[in-house]
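Asks: Contents are PDB, C-alpha atoms, pLDDT in the B column; file name target-v7.pdb:
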ATOM      1  CA  MET A   1     106.765-175.515  12.665  1.00 57.00           C
ATOM      2  CA  PHE A   2     107.826-175.962   9.051  1.00 68.00           C
ATOM      3  CA  TYR A   3     105.694-178.003   6.660  1.00 79.00           C
ATOM      4  CA  ILE A   4     105.890-179.152   3.091  1.00 87.00           C
ATOM      5  CA  HIS A   5     102.289-178.839   1.932  1.00 88.00           C
ATOM      6  CA  ILE A   6     100.451-181.477  -0.055  1.00 88.00           C
ATOM      7  CA  LEU A   7      97.170-180.307  -1.606  1.00 89.00           C
ATOM      8  CA  THR A   8      94.252-182.613  -2.181  1.00 85.00           C
ATOM      9  CA  ASP A   9      92.229-182.312  -5.389  1.00 75.00           C
ATOM     10  CA  SER A  10      89.374-179.840  -5.875  1.00 69.00           C
ATOM     11  CA  ARG A  11      86.958-181.369  -3.387  1.00 77.00           C
ATOM     12  CA  ARG A  12      84.564-178.753  -2.071  1.00 80.00           C
ATOM     13  CA  ILE A  13      82.842-178.223   1.244  1.00 79.00           C
ATOM     14  CA  GLU A  14      79.611-180.168   0.875  1.00 73.00           C
ATOM     15  CA  ASN A  15      78.605-181.912   4.088  1.00 62.00           C
ATOM     16  CA  THR A  16      77.689-179.321   6.709  1.00 63.00           C
ATOM     17  CA  ILE A  17      75.553-181.525   8.936  1.00 71.00           C
ATOM     18  CA  SER A  18      78.386-182.260  11.365  1.00 78.00           C
ATOM     19  CA  ASN A  19      80.284-179.006  10.627  1.00 88.00           C
ATOM     20  CA  LYS A  20      83.329-181.159  10.021  1.00 88.00           C
ATOM     21  CA  TYR A  21      85.463-181.793   6.925  1.00 89.00           C
ATOM     22  CA  GLU A  22      87.960-184.660   6.769  1.00 87.00           C
ATOM     23  CA  VAL A  23      90.713-184.340   4.181  1.00 86.00           C
ATOM     24  CA  LEU A  24      91.272-188.093   3.958  1.00 79.00           C
ATOM     25  CA  CYS A  25      88.907-190.993   4.528  1.00 72.00           C
ATOM     26  CA  PRO A  26      89.867-193.700   7.099  1.00 67.00           C
ATOM     27  CA  MET A  27      91.189-196.026   4.394  1.00 69.00           C
ATOM     28  CA  GLU A  28      93.389-193.275   2.926  1.00 68.00           C
ATOM     29  CA  LYS A  29      94.696-192.436   6.389  1.00 70.00           C
ATOM     30  CA  GLN A  30      95.608-196.070   6.938  1.00 70.00           C
ATOM     31  CA  THR A  31      97.803-196.089   3.840  1.00 70.00           C
ATOM     32  CA  CYS A  32      99.853-193.277   5.406  1.00 70.00           C
ATOM     33  CA  GLN A  33     100.647-195.422   8.449  1.00 68.00           C
ATOM     34  CA  THR A  34     104.019-196.550   7.133  1.00 70.00           C
ATOM     35  CA  GLU A  35     106.731-197.870   9.434  1.00 65.00           C
ATOM     36  CA  GLY A  36     109.102-195.105  10.489  1.00 68.00           C
ATOM     37  CA  LEU A  37     106.560-192.331  10.052  1.00 79.00           C
ATOM     38  CA  ARG A  38     104.506-190.522  12.672  1.00 82.00           C
ATOM     39  CA  VAL A  39     101.005-189.647  11.452  1.00 84.00           C
ATOM     40  CA  GLU A  40      98.891-187.186  13.433  1.00 86.00           C
ATOM     41  CA  GLY A  41      95.756-185.157  12.874  1.00 88.00           C
ATOM     42  CA  ARG A  42      95.749-181.369  12.693  1.00 92.00           C
ATOM     43  CA  ALA A  43      92.460-179.490  13.058  1.00 95.00           C
ATOM     44  CA  TYR A  44      91.782-176.003  11.700  1.00 96.00           C
ATOM     45  CA  LYS A  45      88.732-173.808  12.330  1.00 96.00           C
ATOM     46  CA  LEU A  46      87.185-171.892   9.438  1.00 96.00           C
ATOM     47  CA  ASP A  47      84.630-169.085   9.659  1.00 96.00           C
ATOM     48  CA  CYS A  48      82.114-169.918   6.937  1.00 95.00           C
ATOM     49  CA  GLY A  49      79.606-167.196   7.729  1.00 93.00           C
ATOM     50  CA  GLN A  50      76.666-168.881   9.391  1.00 91.00           C
ATOM     51  CA  ILE A  51      78.701-171.857  10.586  1.00 93.00           C
ATOM     52  CA  GLU A  52      82.164-172.620  11.904  1.00 94.00           C
ATOM     53  CA  LEU A  53      83.760-175.543  10.111  1.00 94.00           C
ATOM     54  CA  GLU A  54      86.420-177.837  11.529  1.00 94.00           C
ATOM     55  CA  VAL A  55      88.841-179.119   8.892  1.00 94.00           C
ATOM     56  CA  ASP A  56      90.768-182.254   9.891  1.00 92.00           C
ATOM     57  CA  CYS A  57      94.109-182.415   8.097  1.00 92.00           C
ATOM     58  CA  LEU A  58      96.958-184.917   8.352  1.00 89.00           C
ATOM     59  CA  GLU A  59     100.550-184.306   9.415  1.00 89.00           C
ATOM     60  CA  ILE A  60     103.226-186.851   8.483  1.00 87.00           C
ATOM     61  CA  ARG A  61     106.697-186.764  10.085  1.00 84.00           C
ATOM     62  CA  ASP A  62     109.784-188.918  10.324  1.00 80.00           C
ATOM     63  CA  ARG A  63     109.862-190.608  13.744  1.00 74.00           C
ATOM     64  CA  GLU A  64     113.632-190.517  13.962  1.00 72.00           C
ATOM     65  CA  ASP A  65     114.399-187.012  12.667  1.00 67.00           C
ATOM     66  CA  LYS A  66     112.269-184.562  14.624  1.00 67.00           C
ATOM     67  CA  GLY A  67     114.047-181.540  13.164  1.00 66.00           C
ATOM     68  CA  LYS A  68     113.112-182.434   9.614  1.00 75.00           C
ATOM     69  CA  ALA A  69     110.206-180.731   7.874  1.00 77.00           C
ATOM     70  CA  GLY A  70     106.919-182.584   8.023  1.00 85.00           C
ATOM     71  CA  TYR A  71     104.246-183.019   5.367  1.00 89.00           C
ATOM     72  CA  LEU A  72     100.834-181.458   5.888  1.00 93.00           C
ATOM     73  CA  ILE A  73      97.965-182.689   3.716  1.00 92.00           C
ATOM     74  CA  ILE A  74      95.417-179.908   3.261  1.00 94.00           C
ATOM     75  CA  PRO A  75      92.461-179.172   0.950  1.00 93.00           C
ATOM     76  CA  GLU A  76      92.745-176.479  -1.717  1.00 94.00           C
ATOM     77  CA  PHE A  77      90.304-174.178   0.074  1.00 95.00           C
ATOM     78  CA  LEU A  78      92.357-174.020   3.300  1.00 95.00           C
ATOM     79  CA  ILE A  79      95.162-171.606   4.177  1.00 95.00           C
ATOM     80  CA  PRO A  80      96.695-172.922   7.429  1.00 93.00           C
ATOM     81  CA  GLY A  81      96.466-170.276  10.129  1.00 92.00           C
ATOM     82  CA  ARG A  82      93.950-168.114   8.256  1.00 95.00           C
ATOM     83  CA  PRO A  83      90.349-167.911   9.570  1.00 97.00           C
ATOM     84  CA  TYR A  84      88.451-168.014   6.249  1.00 97.00           C
ATOM     85  CA  PRO A  85      88.256-170.336   3.217  1.00 96.00           C
ATOM     86  CA  ILE A  86      90.233-169.200   0.154  1.00 97.00           C
ATOM     87  CA  TYR A  87      86.969-168.289  -1.604  1.00 97.00           C
ATOM     88  CA  ILE A  88      86.442-165.339   0.738  1.00 98.00           C
ATOM     89  CA  TYR A  89      89.910-163.876   0.219  1.00 98.00           C
ATOM     90  CA  LEU A  90      89.712-164.296  -3.554  1.00 98.00           C
ATOM     91  CA  TYR A  91      86.248-162.748  -3.688  1.00 97.00           C
ATOM     92  CA  ALA A  92      87.556-159.701  -1.815  1.00 98.00           C
ATOM     93  CA  VAL A  93      90.680-159.433  -3.981  1.00 98.00           C
ATOM     94  CA  ALA A  94      88.708-159.829  -7.233  1.00 97.00           C
ATOM     95  CA  THR A  95      86.050-157.321  -6.144  1.00 96.00           C
ATOM     96  CA  TYR A  96      88.731-154.780  -5.288  1.00 96.00           C
ATOM     97  CA  CYS A  97      90.920-155.334  -8.369  1.00 96.00           C
ATOM     98  CA  TYR A  98      88.185-155.504 -10.996  1.00 95.00           C
ATOM     99  CA  ASN A  99      86.625-152.230  -9.819  1.00 93.00           C
ATOM    100  CA  PRO A 100      89.155-149.453 -10.572  1.00 90.00           C
ATOM    101  CA  ARG A 101      87.481-146.806  -8.415  1.00 89.00           C
ATOM    102  CA  MET A 102      86.648-149.013  -5.429  1.00 92.00           C
ATOM    103  CA  GLY A 103      88.466-148.727  -2.108  1.00 92.00           C
ATOM    104  CA  GLN A 104      89.447-151.576   0.200  1.00 95.00           C
ATOM    105  CA  ARG A 105      86.804-150.722   2.796  1.00 95.00           C
ATOM    106  CA  GLU A 106      84.007-151.043   0.238  1.00 96.00           C
ATOM    107  CA  ALA A 107      85.432-154.330  -1.111  1.00 96.00           C
ATOM    108  CA  ALA A 108      85.635-155.711   2.444  1.00 97.00           C
ATOM    109  CA  LYS A 109      82.045-154.580   3.114  1.00 96.00           C
ATOM    110  CA  ARG A 110      80.761-156.356   0.006  1.00 96.00           C
ATOM    111  CA  THR A 111      82.683-159.481   1.004  1.00 97.00           C
ATOM    112  CA  ARG A 112      81.095-159.498   4.458  1.00 97.00           C
ATOM    113  CA  GLU A 113      77.643-159.160   2.943  1.00 95.00           C
ATOM    114  CA  ARG A 114      78.210-161.846   0.286  1.00 96.00           C
ATOM    115  CA  PHE A 115      79.521-164.443   2.734  1.00 96.00           C
ATOM    116  CA  GLY A 116      77.527-163.502   5.825  1.00 96.00           C
ATOM    117  CA  LEU A 117      80.607-162.499   7.845  1.00 97.00           C
ATOM    118  CA  GLU A 118      80.871-160.225  10.866  1.00 94.00           C
ATOM    119  CA  THR A 119      84.549-159.316  11.014  1.00 92.00           C
ATOM    120  CA  PHE A 120      86.222-159.410   7.573  1.00 97.00           C
ATOM    121  CA  SER A 121      88.014-156.039   7.370  1.00 96.00           C
ATOM    122  CA  HIS A 122      89.927-153.915   4.884  1.00 96.00           C
ATOM    123  CA  THR A 123      93.145-154.708   6.784  1.00 97.00           C
ATOM    124  CA  THR A 124      92.572-158.422   6.140  1.00 97.00           C
ATOM    125  CA  LEU A 125      92.127-157.636   2.458  1.00 97.00           C
ATOM    126  CA  SER A 126      95.263-155.486   2.484  1.00 96.00           C
ATOM    127  CA  ARG A 127      97.359-158.370   3.852  1.00 96.00           C
ATOM    128  CA  ALA A 128      96.024-160.700   1.159  1.00 97.00           C
ATOM    129  CA  LEU A 129      96.868-158.164  -1.552  1.00 96.00           C
ATOM    130  CA  LYS A 130     100.416-157.768  -0.259  1.00 95.00           C
ATOM    131  CA  LYS A 131     100.915-161.533  -0.187  1.00 95.00           C
ATOM    132  CA  LEU A 132      99.703-161.850  -3.780  1.00 96.00           C
ATOM    133  CA  GLU A 133     101.957-158.993  -4.883  1.00 94.00           C
ATOM    134  CA  ARG A 134     104.985-160.632  -3.244  1.00 94.00           C
ATOM    135  CA  LEU A 135     104.224-163.811  -5.167  1.00 94.00           C
ATOM    136  CA  MET A 136     104.011-161.877  -8.438  1.00 92.00           C
ATOM    137  CA  LYS A 137     107.183-159.904  -7.726  1.00 90.00           C
ATOM    138  CA  LYS A 138     109.084-163.096  -6.961  1.00 86.00           C
ATOM    139  CA  ASN A 139     107.959-164.644 -10.260  1.00 80.00           C
ATOM    140  CA  LYS A 140     108.899-162.136 -12.944  1.00 69.00           C
ATOM    141  CA  ASN A 141     107.194-164.004 -15.794  1.00 65.00           C
ATOM    142  CA  GLU A 142     103.745-163.151 -14.477  1.00 61.00           C
ATOM    143  CA  PRO A 143     101.673-160.622 -16.453  1.00 57.00           C
ATOM    144  CA  GLU A 144     102.846-157.050 -16.479  1.00 52.00           C
ATOM    145  CA  SER A 145     100.530-154.114 -17.026  1.00 45.00           C
ATOM    146  CA  LYS A 146     100.253-153.066 -20.667  1.00 45.00           C
ATOM    147  CA  THR A 147      99.599-149.511 -19.591  1.00 39.00           C
ATOM    148  CA  GLU A 148     101.910-146.999 -17.995  1.00 38.00           C
ATOM    149  CA  PRO A 149     101.629-146.717 -14.210  1.00 36.00           C
ATOM    150  CA  VAL A 150      99.184-143.993 -13.227  1.00 36.00           C
ATOM    151  CA  GLU A 151     100.771-140.892 -11.726  1.00 35.00           C
ATOM    152  CA  ALA A 152      98.514-138.693  -9.636  1.00 33.00           C
ATOM    153  CA  PRO A 153      98.793-134.913 -10.136  1.00 36.00           C
ATOM    154  CA  ASN A 154     100.348-134.601  -6.689  1.00 39.00           C
ATOM    155  CA  ALA A 155     103.093-137.093  -5.943  1.00 36.00           C
ATOM    156  CA  GLN A 156     102.451-139.408  -3.016  1.00 42.00           C
ATOM    157  CA  LYS A 157     104.157-138.227   0.138  1.00 49.00           C
ATOM    158  CA  ALA A 158     105.869-140.546   2.578  1.00 47.00           C
ATOM    159  CA  GLY A 159     103.538-141.939   5.208  1.00 51.00           C
ATOM    160  CA  LYS A 160     100.355-141.267   3.219  1.00 62.00           C
ATOM    161  CA  LEU A 161      98.124-143.867   1.633  1.00 61.00           C
ATOM    162  CA  PRO A 162      98.167-144.086  -2.177  1.00 63.00           C
ATOM    163  CA  THR A 163      95.304-142.441  -4.035  1.00 66.00           C
ATOM    164  CA  VAL A 164      92.703-144.317  -6.075  1.00 63.00           C
ATOM    165  CA  ASP A 165      94.450-143.301  -9.294  1.00 69.00           C
ATOM    166  CA  GLN A 166      97.802-144.526  -8.023  1.00 71.00           C
ATOM    167  CA  MET A 167      96.238-147.917  -7.281  1.00 79.00           C
ATOM    168  CA  LYS A 168      94.878-148.493 -10.798  1.00 88.00           C
ATOM    169  CA  ASN A 169      98.005-150.094 -12.207  1.00 89.00           C
ATOM    170  CA  ARG A 170      98.463-152.236  -9.105  1.00 91.00           C
ATOM    171  CA  LYS A 171      94.903-153.505  -9.447  1.00 94.00           C
ATOM    172  CA  TYR A 172      95.355-154.238 -13.145  1.00 93.00           C
ATOM    173  CA  ARG A 173      98.381-156.460 -12.541  1.00 93.00           C
ATOM    174  CA  MET A 174      96.709-158.478  -9.789  1.00 95.00           C
ATOM    175  CA  ALA A 175      93.528-158.900 -11.832  1.00 96.00           C
ATOM    176  CA  SER A 176      95.688-160.097 -14.745  1.00 95.00           C
ATOM    177  CA  TYR A 177      97.266-162.753 -12.522  1.00 96.00           C
ATOM    178  CA  LEU A 178      93.892-164.010 -11.312  1.00 97.00           C
ATOM    179  CA  LYS A 179      92.581-164.160 -14.860  1.00 96.00           C
ATOM    180  CA  LYS A 180      95.603-166.101 -16.102  1.00 96.00           C
ATOM    181  CA  ALA A 181      95.583-168.502 -13.141  1.00 97.00           C
ATOM    182  CA  ALA A 182      91.858-169.157 -13.641  1.00 97.00           C
ATOM    183  CA  ALA A 183      92.411-169.933 -17.357  1.00 95.00           C
ATOM    184  CA  ASP A 184      90.494-166.798 -18.406  1.00 95.00           C
ATOM    185  CA  ASP A 185      87.417-167.793 -16.426  1.00 94.00           C
ATOM    186  CA  SER A 186      84.978-164.870 -16.691  1.00 93.00           C
ATOM    187  CA  SER A 187      83.194-165.722 -13.432  1.00 94.00           C
ATOM    188  CA  LEU A 188      85.756-163.694 -11.466  1.00 94.00           C
ATOM    189  CA  LYS A 189      84.835-160.503 -13.283  1.00 93.00           C
ATOM    190  CA  HIS A 190      81.125-161.303 -13.115  1.00 93.00           C
ATOM    191  CA  GLU A 191      81.248-161.774  -9.340  1.00 93.00           C
ATOM    192  CA  ALA A 192      83.252-158.583  -8.898  1.00 93.00           C
ATOM    193  CA  GLY A 193      80.896-156.503 -11.024  1.00 90.00           C
ATOM    194  CA  GLN A 194      77.527-157.666  -9.747  1.00 84.00           C
ATOM    195  CA  LEU A 195      75.892-157.771  -6.351  1.00 76.00           C
ATOM    196  CA  ARG A 196      74.638-161.326  -6.798  1.00 77.00           C
ATOM    197  CA  LYS A 197      72.474-163.210  -4.336  1.00 79.00           C
ATOM    198  CA  HIS A 198      72.785-166.667  -5.880  1.00 87.00           C
ATOM    199  CA  PRO A 199      74.479-169.003  -5.321  1.00 90.00           C
ATOM    200  CA  ASP A 200      74.248-168.270  -1.609  1.00 91.00           C
ATOM    201  CA  TYR A 201      77.743-168.076  -0.076  1.00 94.00           C
ATOM    202  CA  LYS A 202      76.631-167.399   3.490  1.00 93.00           C
ATOM    203  CA  ARG A 203      77.290-171.029   4.401  1.00 91.00           C
ATOM    204  CA  PRO A 204      78.470-174.235   2.709  1.00 91.00           C
ATOM    205  CA  PRO A 205      78.041-175.978   0.399  1.00 90.00           C
ATOM    206  CA  TYR A 206      79.933-173.578  -1.862  1.00 91.00           C
ATOM    207  CA  THR A 207      78.933-174.086  -5.485  1.00 90.00           C
ATOM    208  CA  GLY A 208      79.044-172.286  -8.818  1.00 91.00           C
ATOM    209  CA  ALA A 209      81.540-171.174 -11.440  1.00 94.00           C
ATOM    210  CA  PHE A 210      83.296-168.692  -9.145  1.00 95.00           C
ATOM    211  CA  ILE A 211      84.130-171.416  -6.621  1.00 95.00           C
ATOM    212  CA  GLY A 212      85.557-173.534  -9.440  1.00 94.00           C
ATOM    213  CA  ALA A 213      87.682-170.589 -10.591  1.00 96.00           C
ATOM    214  CA  CYS A 214      89.073-170.227  -7.064  1.00 96.00           C
ATOM    215  CA  HIS A 215      90.217-173.853  -7.113  1.00 95.00           C
ATOM    216  CA  SER A 216      91.852-173.281 -10.503  1.00 96.00           C
ATOM    217  CA  ILE A 217      93.793-170.287  -9.157  1.00 97.00           C
ATOM    218  CA  VAL A 218      95.041-172.199  -6.123  1.00 96.00           C
ATOM    219  CA  LYS A 219      96.037-175.198  -8.255  1.00 95.00           C
ATOM    220  CA  TYR A 220      97.812-173.048 -10.856  1.00 96.00           C
ATOM    221  CA  THR A 221      99.869-171.287  -8.190  1.00 96.00           C
ATOM    222  CA  PHE A 222     100.752-174.459  -6.312  1.00 94.00           C
ATOM    223  CA  LEU A 223     101.790-176.492  -9.348  1.00 93.00           C
ATOM    224  CA  LYS A 224     103.772-173.685 -10.974  1.00 93.00           C
ATOM    225  CA  TYR A 225     105.439-172.102  -7.960  1.00 92.00           C
ATOM    226  CA  HIS A 226     105.222-174.865  -5.317  1.00 91.00           C
ATOM    227  CA  CYS A 227     103.660-172.578  -2.752  1.00 92.00           C
ATOM    228  CA  LEU A 228     100.266-171.613  -1.375  1.00 93.00           C
ATOM    229  CA  LEU A 229      98.484-168.665  -2.960  1.00 94.00           C
ATOM    230  CA  LEU A 230      98.148-166.577   0.210  1.00 92.00           C
TER
END
Go through the file and emit its structure as structure tokens.
Replies:
Amino acid sequence: MFYIHILTDSRRIENTISNKYEVLCPMEKQTCQTEGLRVEGRAYKLDCGQIELEVDCLEIRDREDKGKAGYLIIPEFLIPGRPYPIYIYLYAVATYCYNPRMGQREAAKRTRERFGLETFSHTTLSRALKKLERLMKKNKNEPESKTEPVEAPNAQKAGKLPTVDQMKNRKYRMASYLKKAAADDSSLKHEAGQLRKHPDYKRPPYTGAFIGACHSIVKYTFLKYHCLLL
């Protein structure tokens, strides 16, 4: 089902008493009840470490034209169809990209520990990296590496994974995008370089400078390229 996404502002996950997050309040929902439109709720489950959160979004469609794309109102921290909040994916990507010698398995391990997760894997991180790279490739004006791509002594053979050295330039470009999208917020690099314990990300509410930087990255991407980050 095809949607045109509408992002709400940078509201964060605060109320965890009911394990439920509503994108719009009842009064805001009522304003969407315009004649000729069909308004329905869409619920998404998010793994937030120690709790599972239900996010209630709103779908708006034309009653008469069922084949037309609908509008889906979602919060900035949600990626429809993905099991984790955007903070988790961005933490993993930043940890991997800001540490030149780190592999994806180690970055995924640190992400699990930081957010209290059981199943976040290196393959999940790999898919997020590929999605970000496709976005950057599609938009040629995004930052290019100022250094020459690293060539390993032995050329990569077909079917084999790239070496750590071959990944350096790839990491640099993705880190440059995150930095630009976050308006040079240093919290990304700080989170990636330190094994912090506070703020505690094992359950909402999510607070701190890093969380704010994540919202900035999502907003930058959406406003500039009219698409979701991942």
Asks: Please write as a ChimeraX atom specification the full residue list that the PyMOL selection byres ((chain A and resi 40) around 10) yields on this file.
Replies: /A:29,33,37-39,41-42,57-61,72
Asks: When distances are computed from all atoms listed in the file, which of A:Ala175, A:Pro205, A:Arg105, A:Leu132 shows the smallest separation from A:Tyr21?
Replies: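 Counting all atoms listed in the file, the residue closest to A:Tyr21 is A:Pro205.
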Asks: Name every residue that the PyMOL selection byres ((chain A and resi 181-195) around 9) selects in this structure, writing the answer as a ChimeraX atom specification with chains first and numbers rising.
Replies: /A:90-99,110,114,175-180,196-197,209-221
Asks: Tell me which residues the PyMOL selection byres ((chain A and resi 122) around 10) grabs here, as a compact mmCIF listing (two decimals) with C-alpha atoms, keeping the file's coordinate frame.
Replies:
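Generated output (part-v5.txt):
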# COMPACT_ATOMS: atom_id res chain seq x y z
CA ALA A 92 87.56 -159.70 -1.82
CA GLY A 103 88.47 -148.73 -2.11
CA GLN A 104 89.45 -151.58 0.20
CA ARG A 105 86.80 -150.72 2.80
CA GLU A 106 84.01 -151.04 0.24
CA ALA A 107 85.43 -154.33 -1.11
CA ALA A 108 85.64 -155.71 2.44
CA LYS A 109 82.04 -154.58 3.11
CA THR A 111 82.68 -159.48 1.00
CA THR A 119 84.55 -159.32 11.01
CA PHE A 120 86.22 -159.41 7.57
CA SER A 121 88.01 -156.04 7.37
CA THR A 123 93.14 -154.71 6.78
CA THR A 124 92.57 -158.42 6.14
CA LEU A 125 92.13 -157.64 2.46
CA SER A 126 95.26 -155.49 2.48
CA ARG A 127 97.36 -158.37 3.85
CA ALA A 128 96.02 -160.70 1.16
Asks: Please indicate the distance in Å from atom CA of A:Arg112 to atom CA of A:Leu78, rounded to one decimal place.
Replies: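 A separation of 18.4 Å between them.
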Asks: In Å, with one decimal, what is the gap from atom CA of A:Glu113 to atom CA of A:Pro204?
Replies: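 So the two atoms, atom CA of A:Glu113 and atom CA of A:Pro204, lie 15.1 Å apart.
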Asks: Grab the atom CA of A:Gln30 to atom CA of A:Leu7 distance for me, in Å with one decimal place.
Replies: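 Atom CA of A:Leu7 lies at a distance of 18.0 Å from atom CA of A:Gln30.
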Asks: For stretch 4-14 of chain A, I'd like the enclosing box, axis-aligned and padded by 6 Å on every side, reported as JSON with centre and edge lengths in Å to one decimal.
Replies:
{"center_x": 92.8, "center_y": -180.4, "center_z": -1.4, "size_x": 38.3, "size_y": 16.4, "size_z": 21.0}
Asks: Using all atoms listed in the file for the distances, tell me which of A:Tyr3, A:Tyr225, A:Tyr44, A:Tyr206 is nearest to A:Tyr87.
Replies: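 Selected residue with least distance to A:Tyr87: A:Tyr206.
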Asks: When distances are computed from all atoms listed in the file, which of A:Arg101, A:Ile74, A:Leu129, A:Gly208 shows the smallest separation from A:Lys168?
Replies: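 Between A:Arg101, A:Ile74, A:Leu129, A:Gly208, the residue approaching A:Lys168 most closely is A:Arg101.
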Asks: Start from the incomplete input, build N, CA and C atoms for stretch 38-61 of chain A, and deliver everything as a short mmCIF file (atom, residue, chain, number, x, y, z; two decimals), keeping the file's coordinate frame.
Replies:
data_model
loop_
_atom_site.label_atom_id
_atom_site.label_comp_id
_atom_site.auth_asym_id
_atom_site.auth_seq_id
_atom_site.Cartn_x
_atom_site.Cartn_y
_atom_site.Cartn_z
N ARG A 38 105.48 -190.88 11.65
CA ARG A 38 104.51 -190.52 12.67
C ARG A 38 103.38 -189.75 11.98
N VAL A 39 102.16 -190.25 12.11
CA VAL A 39 101.00 -189.65 11.45
C VAL A 39 100.06 -189.10 12.52
N GLU A 40 99.76 -187.82 12.45
CA GLU A 40 98.89 -187.19 13.43
C GLU A 40 97.87 -186.28 12.73
N GLY A 41 96.77 -186.06 13.41
CA GLY A 41 95.76 -185.16 12.87
C GLY A 41 96.03 -183.72 13.27
N ARG A 42 95.64 -182.80 12.41
CA ARG A 42 95.75 -181.37 12.69
C ARG A 42 94.42 -180.72 12.32
N ALA A 43 93.78 -180.08 13.28
CA ALA A 43 92.46 -179.49 13.06
C ALA A 43 92.57 -177.97 12.91
N TYR A 44 91.82 -177.44 11.94
CA TYR A 44 91.78 -176.00 11.70
C TYR A 44 90.32 -175.55 11.70
N LYS A 45 90.08 -174.38 12.29
CA LYS A 45 88.73 -173.81 12.33
C LYS A 45 88.58 -172.78 11.22
N LEU A 46 87.46 -172.84 10.50
CA LEU A 46 87.18 -171.89 9.44
C LEU A 46 85.85 -171.20 9.69
N ASP A 47 85.85 -169.88 9.57
CA ASP A 47 84.63 -169.08 9.66
C ASP A 47 83.96 -169.11 8.29
N CYS A 48 82.84 -169.81 8.20
CA CYS A 48 82.11 -169.92 6.94
C CYS A 48 80.79 -169.17 7.02
N GLY A 49 80.81 -168.01 7.63
CA GLY A 49 79.61 -167.20 7.73
C GLY A 49 78.67 -167.69 8.82
N GLN A 50 77.67 -168.43 8.43
CA GLN A 50 76.67 -168.88 9.39
C GLN A 50 77.10 -170.10 10.19
N ILE A 51 78.20 -170.72 9.81
CA ILE A 51 78.70 -171.86 10.59
C ILE A 51 80.21 -171.75 10.75
N GLU A 52 80.73 -172.45 11.76
CA GLU A 52 82.16 -172.62 11.90
C GLU A 52 82.49 -174.06 11.53
N LEU A 53 83.41 -174.22 10.63
CA LEU A 53 83.76 -175.54 10.11
C LEU A 53 85.10 -175.99 10.67
N GLU A 54 85.15 -177.25 11.10
CA GLU A 54 86.42 -177.84 11.53
C GLU A 54 86.98 -178.69 10.40
N VAL A 55 88.19 -178.39 9.97
CA VAL A 55 88.84 -179.12 8.89
C VAL A 55 89.94 -179.98 9.49
N ASP A 56 89.79 -181.31 9.36
CA ASP A 56 90.77 -182.25 9.89
C ASP A 56 91.79 -182.60 8.82
N CYS A 57 93.02 -182.15 9.03
CA CYS A 57 94.11 -182.42 8.10
C CYS A 57 95.02 -183.50 8.67
N LEU A 58 96.06 -183.85 7.93
CA LEU A 58 96.96 -184.92 8.35
C LEU A 58 98.40 -184.44 8.27
N GLU A 59 99.13 -184.64 9.36
CA GLU A 59 100.55 -184.31 9.41
C GLU A 59 101.36 -185.60 9.43
N ILE A 60 102.36 -185.67 8.57
CA ILE A 60 103.23 -186.85 8.48
C ILE A 60 104.66 -186.42 8.75
N ARG A 61 105.32 -187.10 9.73
CA ARG A 61 106.70 -186.76 10.09
C ARG A 61 107.54 -188.02 10.26
#
